[in-house]
file my_file.csv (CSV, C-alpha atoms)
chain,number,residue,atom,x,y,z
A,1,MET,CA,0.0,0.0,0.0
A,2,ARG,CA,2.8,2.4,0.9
A,3,GLU,CA,4.6,1.5,-2.3
A,4,PHE,CA,1.4,2.2,-4.2
A,5,LEU,CA,0.9,5.6,-2.6
A,6,ASP,CA,4.5,6.5,-3.3
A,7,MET,CA,4.0,6.0,-7.0
A,8,GLY,CA,7.7,5.3,-7.6
A,9,GLY,CA,8.7,8.7,-6.3
A,10,TYR,CA,6.2,10.6,-8.5
A,11,ALA,CA,3.5,10.8,-5.7
A,12,ALA,CA,3.8,14.7,-5.6
A,13,PHE,CA,2.8,14.9,-9.2
A,14,VAL,CA,0.5,11.9,-9.8
A,15,TRP,CA,-1.9,12.4,-6.9
A,16,PRO,CA,-2.4,16.2,-7.4
A,17,ALA,CA,-3.2,15.4,-11.1
A,18,TYR,CA,-5.8,12.9,-10.0
A,19,ALA,CA,-7.2,15.3,-7.4
A,20,VAL,CA,-7.5,18.1,-9.9
A,21,THR,CA,-9.4,15.8,-12.3
A,22,ALA,CA,-11.7,14.6,-9.4
A,23,ALA,CA,-12.4,18.3,-8.7
A,24,ALA,CA,-13.4,18.8,-12.3
A,25,PHE,CA,-15.8,15.9,-12.0
A,26,LEU,CA,-17.2,17.2,-8.7
A,27,TYR,CA,-17.7,20.7,-10.1
A,28,ASN,CA,-19.6,19.3,-13.1
A,29,TRP,CA,-21.8,17.0,-11.0
A,30,VAL,CA,-22.7,19.7,-8.4
A,31,GLY,CA,-23.0,22.5,-11.0
A,32,ALA,CA,-25.2,20.6,-13.4
A,33,ARG,CA,-27.6,19.4,-10.6
A,34,ARG,CA,-27.8,22.9,-9.2
A,35,ALA,CA,-28.5,24.5,-12.6
A,36,LEU,CA,-31.4,22.1,-13.2
A,37,ARG,CA,-32.8,22.6,-9.7
A,38,GLU,CA,-32.7,26.3,-10.0
A,39,ALA,CA,-34.2,26.3,-13.5
A,40,ARG,CA,-37.0,24.0,-12.3
A,41,ALA,CA,-37.7,26.3,-9.3
A,42,ALA,CA,-37.7,29.4,-11.6
A,43,ALA,CA,-40.1,27.7,-14.1
A,44,ARG,CA,-42.4,26.8,-11.1
A,45,ARG,CA,-42.4,30.5,-10.0
A,46,ARG,CA,-43.2,31.6,-13.6
A,47,LEU,CA,-46.1,29.2,-13.8
A,48,ALA,CA,-47.5,30.3,-10.4
A,49,ALA,CA,-47.2,34.0,-11.4
A,50,GLY,CA,-49.0,33.3,-14.7
A,51,GLU,CA,-51.8,31.6,-12.9
A,52,GLY,CA,-52.2,34.6,-10.5
A,53,ALA,CA,-52.5,37.1,-13.4
B,1,MET,CA,-35.9,9.8,-46.8
B,2,THR,CA,-37.7,11.4,-43.9
B,3,PHE,CA,-36.3,13.9,-41.5
B,4,THR,CA,-38.8,13.5,-38.7
B,5,TRP,CA,-36.1,12.5,-36.2
B,6,PHE,CA,-34.3,15.8,-37.0
B,7,HIS,CA,-37.5,17.8,-36.4
B,8,ARG,CA,-38.2,16.0,-33.1
B,9,LEU,CA,-34.7,17.0,-32.0
B,10,GLY,CA,-35.8,20.6,-32.4
B,11,SER,CA,-38.8,20.1,-30.1
B,12,PRO,CA,-38.1,21.3,-26.6
B,13,PRO,CA,-40.6,18.9,-24.8
B,14,TYR,CA,-39.3,15.9,-26.7
B,15,VAL,CA,-35.6,16.7,-26.0
B,16,TYR,CA,-36.3,17.5,-22.4
B,17,GLY,CA,-38.0,14.2,-21.8
B,18,LEU,CA,-35.3,12.3,-23.7
B,19,ALA,CA,-32.5,14.0,-21.7
B,20,GLN,CA,-34.3,13.3,-18.5
B,21,ARG,CA,-34.5,9.6,-19.3
B,22,LEU,CA,-31.0,9.1,-20.7
B,23,ALA,CA,-29.0,11.1,-18.2
B,24,PRO,CA,-29.0,8.6,-15.3
B,25,TRP,CA,-27.9,5.8,-17.7
B,26,CYS,CA,-25.0,7.8,-19.1
B,27,ALA,CA,-23.9,8.8,-15.6
B,28,GLY,CA,-24.2,5.3,-14.2
B,29,SER,CA,-22.1,3.7,-17.1
B,30,ALA,CA,-19.6,6.5,-16.8
B,31,LEU,CA,-19.1,5.8,-13.1
B,32,LEU,CA,-18.6,2.0,-13.7
B,33,LEU,CA,-16.1,2.6,-16.5
B,34,LEU,CA,-14.3,5.2,-14.4
B,35,LEU,CA,-13.8,2.7,-11.6
B,36,ALA,CA,-12.6,0.1,-14.1
B,37,GLY,CA,-10.3,2.5,-15.8
B,38,LEU,CA,-8.8,3.7,-12.5
B,39,TRP,CA,-8.1,0.2,-11.4
B,40,GLY,CA,-6.5,-0.7,-14.8
B,41,GLY,CA,-4.5,2.6,-15.0
B,42,LEU,CA,-3.3,2.8,-11.4
B,43,VAL,CA,-2.9,-0.9,-10.4
B,44,LEU,CA,-2.9,-3.2,-13.4
B,45,ALA,CA,-0.8,-1.3,-15.9
B,46,PRO,CA,3.0,-1.7,-15.4
B,47,PRO,CA,5.2,1.3,-14.8
B,48,ASP,CA,6.7,2.9,-17.9
B,49,TYR,CA,10.3,1.9,-18.6
B,50,GLN,CA,11.3,5.6,-18.9
B,51,GLN,CA,8.8,7.6,-16.9
B,52,GLY,CA,8.1,5.0,-14.1
B,53,ASP,CA,4.8,5.6,-12.4
B,54,GLY,CA,4.8,9.2,-13.5
B,55,PHE,CA,3.3,8.2,-16.8
B,56,ARG,CA,0.0,7.3,-15.0
B,57,ILE,CA,-1.0,11.0,-15.2
B,58,ILE,CA,-1.9,10.2,-18.8
B,59,TYR,CA,-5.1,8.4,-17.6
B,60,VAL,CA,-6.5,11.7,-16.4
B,61,HIS,CA,-4.6,14.1,-18.7
B,62,ALA,CA,-5.4,12.6,-22.2
B,63,PRO,CA,-9.1,12.1,-21.5
B,64,SER,CA,-9.4,15.7,-20.2
B,65,ALA,CA,-7.6,17.0,-23.2
B,66,TRP,CA,-9.8,14.9,-25.5
B,67,LEU,CA,-12.9,16.3,-23.8
B,68,SER,CA,-11.6,19.9,-24.1
B,69,LEU,CA,-11.5,19.5,-27.9
B,70,MET,CA,-14.6,17.2,-28.4
B,71,VAL,CA,-16.8,19.4,-26.2
B,72,TYR,CA,-15.7,22.6,-28.1
B,73,THR,CA,-16.5,20.9,-31.4
B,74,THR,CA,-19.9,19.8,-30.1
B,75,MET,CA,-20.6,23.3,-28.8
B,76,ALA,CA,-19.6,25.0,-32.1
B,77,LEU,CA,-21.7,22.5,-34.2
B,78,ALA,CA,-24.7,23.1,-31.9
B,79,ALA,CA,-24.2,26.9,-32.1
B,80,ALA,CA,-23.9,26.7,-35.9
B,81,VAL,CA,-27.2,24.7,-36.1
B,82,GLY,CA,-28.8,27.2,-33.8
B,83,LEU,CA,-27.6,30.1,-36.0
B,84,ILE,CA,-28.5,28.6,-39.4
B,85,TRP,CA,-31.9,27.0,-38.6
B,86,ARG,CA,-32.8,29.2,-35.6
B,87,ILE,CA,-33.3,26.1,-33.4
B,88,LYS,CA,-33.7,27.0,-29.7
B,89,VAL,CA,-32.7,23.5,-28.5
B,90,ALA,CA,-29.4,23.7,-30.4
B,91,HIS,CA,-28.6,27.0,-28.7
B,92,ALA,CA,-29.5,25.5,-25.4
B,93,ALA,CA,-27.1,22.5,-26.1
B,94,ALA,CA,-24.3,24.9,-27.0
B,95,ALA,CA,-24.8,26.9,-23.8
B,96,ALA,CA,-24.8,23.7,-21.8
B,97,CYS,CA,-21.5,22.5,-23.2
B,98,ALA,CA,-19.4,25.6,-22.2
B,99,PRO,CA,-18.9,25.0,-18.4
B,100,ILE,CA,-18.2,21.3,-18.9
B,101,GLY,CA,-15.6,22.1,-21.6
B,102,ALA,CA,-14.0,24.9,-19.6
B,103,SER,CA,-13.5,22.7,-16.5
B,104,PHE,CA,-11.9,19.8,-18.4
B,105,THR,CA,-9.7,22.2,-20.4
B,106,ALA,CA,-8.5,23.5,-17.0
B,107,ALA,CA,-7.9,19.9,-15.8
B,108,ALA,CA,-6.0,19.1,-19.0
B,109,LEU,CA,-3.7,22.2,-18.5
B,110,VAL,CA,-3.1,21.5,-14.8
B,111,THR,CA,-2.5,17.7,-15.2
B,112,GLY,CA,-0.2,18.5,-18.1
B,113,ALA,CA,1.8,20.9,-16.0
B,114,LEU,CA,2.1,18.3,-13.2
B,115,TRP,CA,3.4,15.8,-15.8
B,116,GLY,CA,5.7,18.4,-17.4
B,117,ARG,CA,7.5,19.3,-14.1
B,118,PRO,CA,9.2,15.9,-13.5
B,119,MET,CA,9.4,14.9,-17.2
B,120,TRP,CA,10.4,18.1,-19.0
B,121,GLY,CA,11.7,19.9,-15.9
B,122,THR,CA,9.2,22.7,-16.2
B,123,TYR,CA,5.5,23.3,-15.4
B,124,TRP,CA,5.0,25.6,-18.3
B,125,GLN,CA,6.5,26.5,-21.7
B,126,TRP,CA,5.1,28.9,-24.3
B,127,ASP,CA,5.0,25.9,-26.6
B,128,PRO,CA,2.5,25.6,-29.6
B,129,ARG,CA,0.4,22.8,-28.0
B,130,LEU,CA,0.3,24.3,-24.6
B,131,THR,CA,-0.4,27.9,-25.8
B,132,SER,CA,-3.2,26.8,-28.2
B,133,GLU,CA,-4.8,24.8,-25.4
B,134,LEU,CA,-4.6,27.8,-23.1
B,135,ILE,CA,-6.3,29.9,-25.9
B,136,LEU,CA,-9.1,27.2,-25.9
B,137,PHE,CA,-9.6,27.8,-22.2
B,138,PHE,CA,-9.9,31.5,-22.8
B,139,LEU,CA,-12.4,30.9,-25.6
B,140,TYR,CA,-14.6,28.9,-23.2
B,141,LEU,CA,-14.3,31.7,-20.7
B,142,GLY,CA,-15.0,34.4,-23.3
B,143,TYR,CA,-18.1,32.4,-24.5
B,144,MET,CA,-19.4,32.2,-20.9
B,145,GLY,CA,-18.6,35.8,-20.2
B,146,LEU,CA,-20.3,37.0,-23.3
B,147,ARG,CA,-23.4,35.0,-22.4
B,148,ALA,CA,-23.5,36.3,-18.9
B,149,SER,CA,-23.2,39.9,-20.1
B,150,ILE,CA,-26.3,39.8,-22.3
B,151,GLU,CA,-29.5,39.6,-20.4
B,152,ASP,CA,-31.8,38.7,-23.3
B,153,THR,CA,-31.4,34.9,-23.8
B,154,GLN,CA,-32.1,35.0,-27.5
B,155,ARG,CA,-29.5,37.8,-28.2
B,156,ALA,CA,-27.0,36.0,-25.9
B,157,ASP,CA,-27.6,32.8,-27.9
B,158,ARG,CA,-26.9,34.4,-31.2
B,159,ALA,CA,-23.9,36.5,-30.1
B,160,SER,CA,-22.2,33.7,-28.3
B,161,ALA,CA,-22.9,31.3,-31.2
B,162,VAL,CA,-20.9,33.5,-33.5
B,163,LEU,CA,-17.9,33.5,-31.1
B,164,ALA,CA,-18.2,29.7,-30.7
B,165,VAL,CA,-18.2,29.1,-34.5
B,166,VAL,CA,-15.3,31.5,-35.2
B,167,GLY,CA,-13.3,30.0,-32.3
B,168,VAL,CA,-13.5,26.5,-33.8
B,169,VAL,CA,-10.5,27.2,-36.0
B,170,ASN,CA,-8.4,26.7,-32.9
B,171,VAL,CA,-9.4,23.0,-32.6
B,172,PRO,CA,-7.4,21.7,-35.6
B,173,VAL,CA,-4.6,24.0,-34.6
B,174,ILE,CA,-4.4,22.3,-31.2
B,175,HIS,CA,-4.6,18.8,-32.7
B,176,TYR,CA,-2.0,19.3,-35.3
B,177,SER,CA,0.2,21.7,-33.3
B,178,VAL,CA,2.6,18.8,-32.4
B,179,THR,CA,3.0,17.9,-36.1
B,180,TRP,CA,3.1,21.4,-37.6
B,181,TRP,CA,5.6,22.9,-35.2
B,182,ASN,CA,8.5,21.7,-33.2
B,183,SER,CA,6.7,21.1,-29.9
B,184,LEU,CA,7.9,19.8,-26.6
B,185,HIS,CA,4.6,17.9,-26.4
B,186,GLN,CA,4.8,14.3,-27.8
B,187,ALA,CA,3.0,13.4,-31.0
B,188,PRO,CA,-0.4,11.5,-30.7
B,189,SER,CA,0.0,7.9,-29.7
B,190,VAL,CA,-3.7,6.9,-29.8
B,191,MET,CA,-5.6,9.5,-31.9
B,192,ARG,CA,-3.7,8.7,-35.1
B,193,LEU,CA,-4.4,6.9,-38.3
B,194,ALA,CA,-1.8,4.2,-37.8
B,195,LYS,CA,-1.8,1.7,-35.0
B,196,PRO,CA,-1.5,3.2,-31.4
B,197,THR,CA,2.1,3.2,-30.1
B,198,MET,CA,1.3,2.0,-26.6
B,199,ALA,CA,1.5,-1.5,-25.1
B,200,THR,CA,-2.0,-3.1,-24.7
B,201,SER,CA,-1.8,-3.3,-20.9
B,202,MET,CA,-1.3,0.5,-20.9
B,203,LEU,CA,-3.7,1.3,-23.8
B,204,VAL,CA,-6.8,-0.6,-22.6
B,205,PRO,CA,-7.2,1.4,-19.4
B,206,LEU,CA,-6.7,4.6,-21.4
B,207,LEU,CA,-9.4,3.7,-23.9
B,208,ILE,CA,-11.8,2.9,-21.0
B,209,MET,CA,-11.0,6.3,-19.4
B,210,LEU,CA,-11.7,8.0,-22.7
B,211,LEU,CA,-15.1,6.3,-23.0
B,212,ALA,CA,-15.8,7.1,-19.3
B,213,PHE,CA,-15.0,10.8,-19.6
B,214,THR,CA,-17.1,11.0,-22.8
B,215,LEU,CA,-20.1,9.4,-21.2
B,216,PHE,CA,-19.7,11.7,-18.2
B,217,PHE,CA,-19.8,14.7,-20.6
B,218,VAL,CA,-22.9,13.4,-22.2
B,219,ALA,CA,-24.6,12.9,-18.8
B,220,MET,CA,-23.7,16.4,-17.7
B,221,LEU,CA,-24.7,17.8,-21.0
B,222,LEU,CA,-28.1,16.2,-20.7
B,223,VAL,CA,-28.7,17.5,-17.2
B,224,ARG,CA,-27.6,21.1,-18.1
B,225,LEU,CA,-29.6,20.9,-21.4
B,226,GLN,CA,-32.8,20.3,-19.3
B,227,ALA,CA,-32.0,23.5,-17.3
B,228,GLU,CA,-31.2,25.5,-20.5
B,229,ILE,CA,-34.5,24.4,-22.2
B,230,LEU,CA,-36.6,25.3,-19.1
B,231,ARG,CA,-34.9,28.8,-19.1
B,232,ARG,CA,-36.0,29.4,-22.8
B,233,GLU,CA,-39.6,28.2,-22.5
B,234,ARG,CA,-42.2,30.6,-21.5
B,235,ALA,CA,-45.6,29.6,-20.0
B,236,SER,CA,-45.9,26.3,-21.9
B,237,THR,CA,-48.4,23.7,-20.8
B,238,TRP,CA,-45.8,20.9,-21.3
B,239,ILE,CA,-43.6,22.5,-18.6
B,240,ARG,CA,-46.4,21.9,-16.1
B,241,GLU,CA,-46.3,18.2,-17.0
B,242,ALA,CA,-42.5,18.0,-17.1
B,243,LEU,CA,-42.1,19.6,-13.6
B,244,LYS,CA,-44.2,16.8,-12.1
B,245,ARG,CA,-41.6,14.2,-13.1
call {"tool": "encode", "arguments": {"input": "my_file.csv", "output": "C-alpha cells"}}
result
Amino acid sequence: MREFLDMGGYAAFVWPAYAVTAAAFLYNWVGARRALREARAAARRRLAAGEGA
Amino acid sequence: MTFTWFHRLGSPPYVYGLAQRLAPWCAGSALLLLLAGLWGGLVLAPPDYQQGDGFRIIYVHAPSAWLSLMVYTTMALAAAVGLIWRIKVAHAAAAACAPIGASFTAAALVTGALWGRPMWGTYWQWDPRLTSELILFFLYLGYMGLRASIEDTQRADRASAVLAVVGVVNVPVIHYSVTWWNSLHQAPSVMRLAKPTMATSMLVPLLIMLLAFTLFFVAMLLVRLQAEILRRERASTWIREALKR
C-alpha cells in the first residue's frame, strides 16, 4: 500500500493530477444538478405567477 | 428519406424528456467505466520503462484534453445549427457545453503541468500545443462571459454562437500543433491513423477512461440541457407536466 501511494517517487505529481481531475468531475456534478434545480424552481415560479394574473 | 427525427430533436418537450430519461444511464455507465479505468491505470498497468509511475498521469490528462476538444467541437456545431436554422434547443445545447468544456480544459492544463515538471523539468512552456490549449480555455471563458453579459437569452444565444463558431479554427490548430511545429509535447500515440504506439496493458485502461469521460460529458450535457431548455420556454403547458416528473 505504501509503495502504491509512493507512485515510484512521483506521488507529488500523480496524486495532485488525479485530485484536480476529481475536482473537475465534482464541479460538473454539483454544478449541473444545481443548474437544473434552479431552472425548475424558476419555471415553477413563472407558472405560479402566470396563474395569478 | 424522412427527417422526422431531426424535427423532433428541435422540439423542446421531446428533447427535455429524452434528456431526463437518458442522463442517469450515461452517468451510471460513466461511473462504472471510471472505476474500471482507474483500477486498470493505477494498479494493473505496469510502470513505464522511462517515466516510471509518473506516466500514470496520462489516464486523467489525455481524456481531459480529448474532452476539451470534443466538447468545443460539439458546442460549435450546436451553435452553428442554432444560428442557421434558428433552433432554440441547439442554442441550449451549446450553452450547456461551455462550463463542462472549460472545466476539463483547466484539468488538461493543470495535469499536463504536473506531468511536465518531472518529465520536462518545467510546469509551463510557451509551446505551440500548450499555448493553443490555453487559448481554448480563454475561448470557453469568453463564451461564458459574453453570455453572462447579455440579459436577453435570444440575443445571448446568437452573439455567443458567432464566437463559438469562429473559435472552432483553434481546434485543428491544437490537434496538429505537435505535427506542424517543433513542440515539446509528444505526438499523438492513440488518436492517429496508424496503430497506437502503446502496449496493450497500458492502452486498454486509457481507452476505458476516454469512454468514461465522454459518457460523463454526455450525462452532464443532458442535465444542463434540461435546465437551459426550461430557461428558454415561457408559459408552456408541457412544462407543467414536465415539472411533475
call {"tool": "closest_atom_pairs", "arguments": {"input": "my_file.csv", "of": "chain A", "to": "chain B", "cutoff": "6 Å", "atoms": "all atoms listed in the file", "output": "tab-separated table"}}
result
residue	atom	partner	partner_atom	distance
A:Met7	CA	B:Asp53	CA	5.5
A:Gly8	CA	B:Asp53	CA	5.6
A:Tyr10	CA	B:Gly54	CA	5.4
A:Phe13	CA	B:Leu114	CA	5.3
A:Val14	CA	B:Ile57	CA	5.7
A:Ala17	CA	B:Thr111	CA	4.8
A:Thr21	CA	B:Ala107	CA	5.6
A:Ala24	CA	B:Ser103	CA	5.7
A:Ala32	CA	B:Arg224	CA	5.3
A:Ala35	CA	B:Ala227	CA	5.9
A:Leu36	CA	B:Ala227	CA	4.4
A:Ala39	CA	B:Ala227	CA	5.2
call {"tool": "atom_distance", "arguments": {"input": "my_file.csv", "atom1": "atom CA of A:Met1", "atom2": "atom CA of B:Ala45"}}
result
16.0 Å
call {"tool": "atom_distance", "arguments": {"input": "my_file.csv", "atom1": "atom CA of A:Phe25", "atom2": "atom CA of B:Ile150"}}
result
28.1 Å
call {"tool": "residues_near_point", "arguments": {"input": "my_file.csv", "point": "(-32.9, 34.5, -25.8)", "cutoff": "10 Å", "atoms": "only C-alpha atoms", "output": "ChimeraX atom specification"}}
result
/B:88,91-92,150-158,231-233
call {"tool": "atom_distance", "arguments": {"input": "my_file.csv", "atom1": "atom CA of B:Gly41", "atom2": "atom CA of B:Pro205"}}
result
5.3 Å
call {"tool": "residues_near_point", "arguments": {"input": "my_file.csv", "point": "(-39.7, 19.1, -9.5)", "cutoff": "8 Å", "atoms": "all atoms listed in the file", "output": "NGL selection string"}}
result
(:A and (37 or 40-41)) or (:B and (243-245))
call {"tool": "write_last_selection", "arguments": {"input": "my_file.csv", "atoms": "C-alpha atoms", "output": "PDB file, in the coordinates of the input"}}
result
ATOM      1  CA  ARG A  37     -32.800  22.600  -9.700  1.00  0.00           C
ATOM      2  CA  ARG A  40     -37.000  24.000 -12.300  1.00  0.00           C
ATOM      3  CA  ALA A  41     -37.700  26.300  -9.300  1.00  0.00           C
TER       4      ALA A  41
ATOM      5  CA  LEU B 243     -42.100  19.600 -13.600  1.00  0.00           C
ATOM      6  CA  LYS B 244     -44.200  16.800 -12.100  1.00  0.00           C
ATOM      7  CA  ARG B 245     -41.600  14.200 -13.100  1.00  0.00           C
TER       8      ARG B 245
END
call {"tool": "closest_residue", "arguments": {"input": "my_file.csv", "among": "B:Gly37, B:Val178, B:Glu241, B:Arg86", "to": "A:Arg44", "atoms": "only C-alpha atoms"}}
result
B:Glu241
call {"tool": "closest_residue", "arguments": {"input": "my_file.csv", "among": "B:Met75, B:Met119, B:Ala98, B:Met202", "to": "A:Asn28", "atoms": "all atoms listed in the file"}}
result
B:Ala98
call {"tool": "closest_residue", "arguments": {"input": "my_file.csv", "among": "B:Leu9, B:Leu210, B:Ala19, B:Val218", "to": "A:Trp29", "atoms": "all atoms listed in the file"}}
result
B:Val218
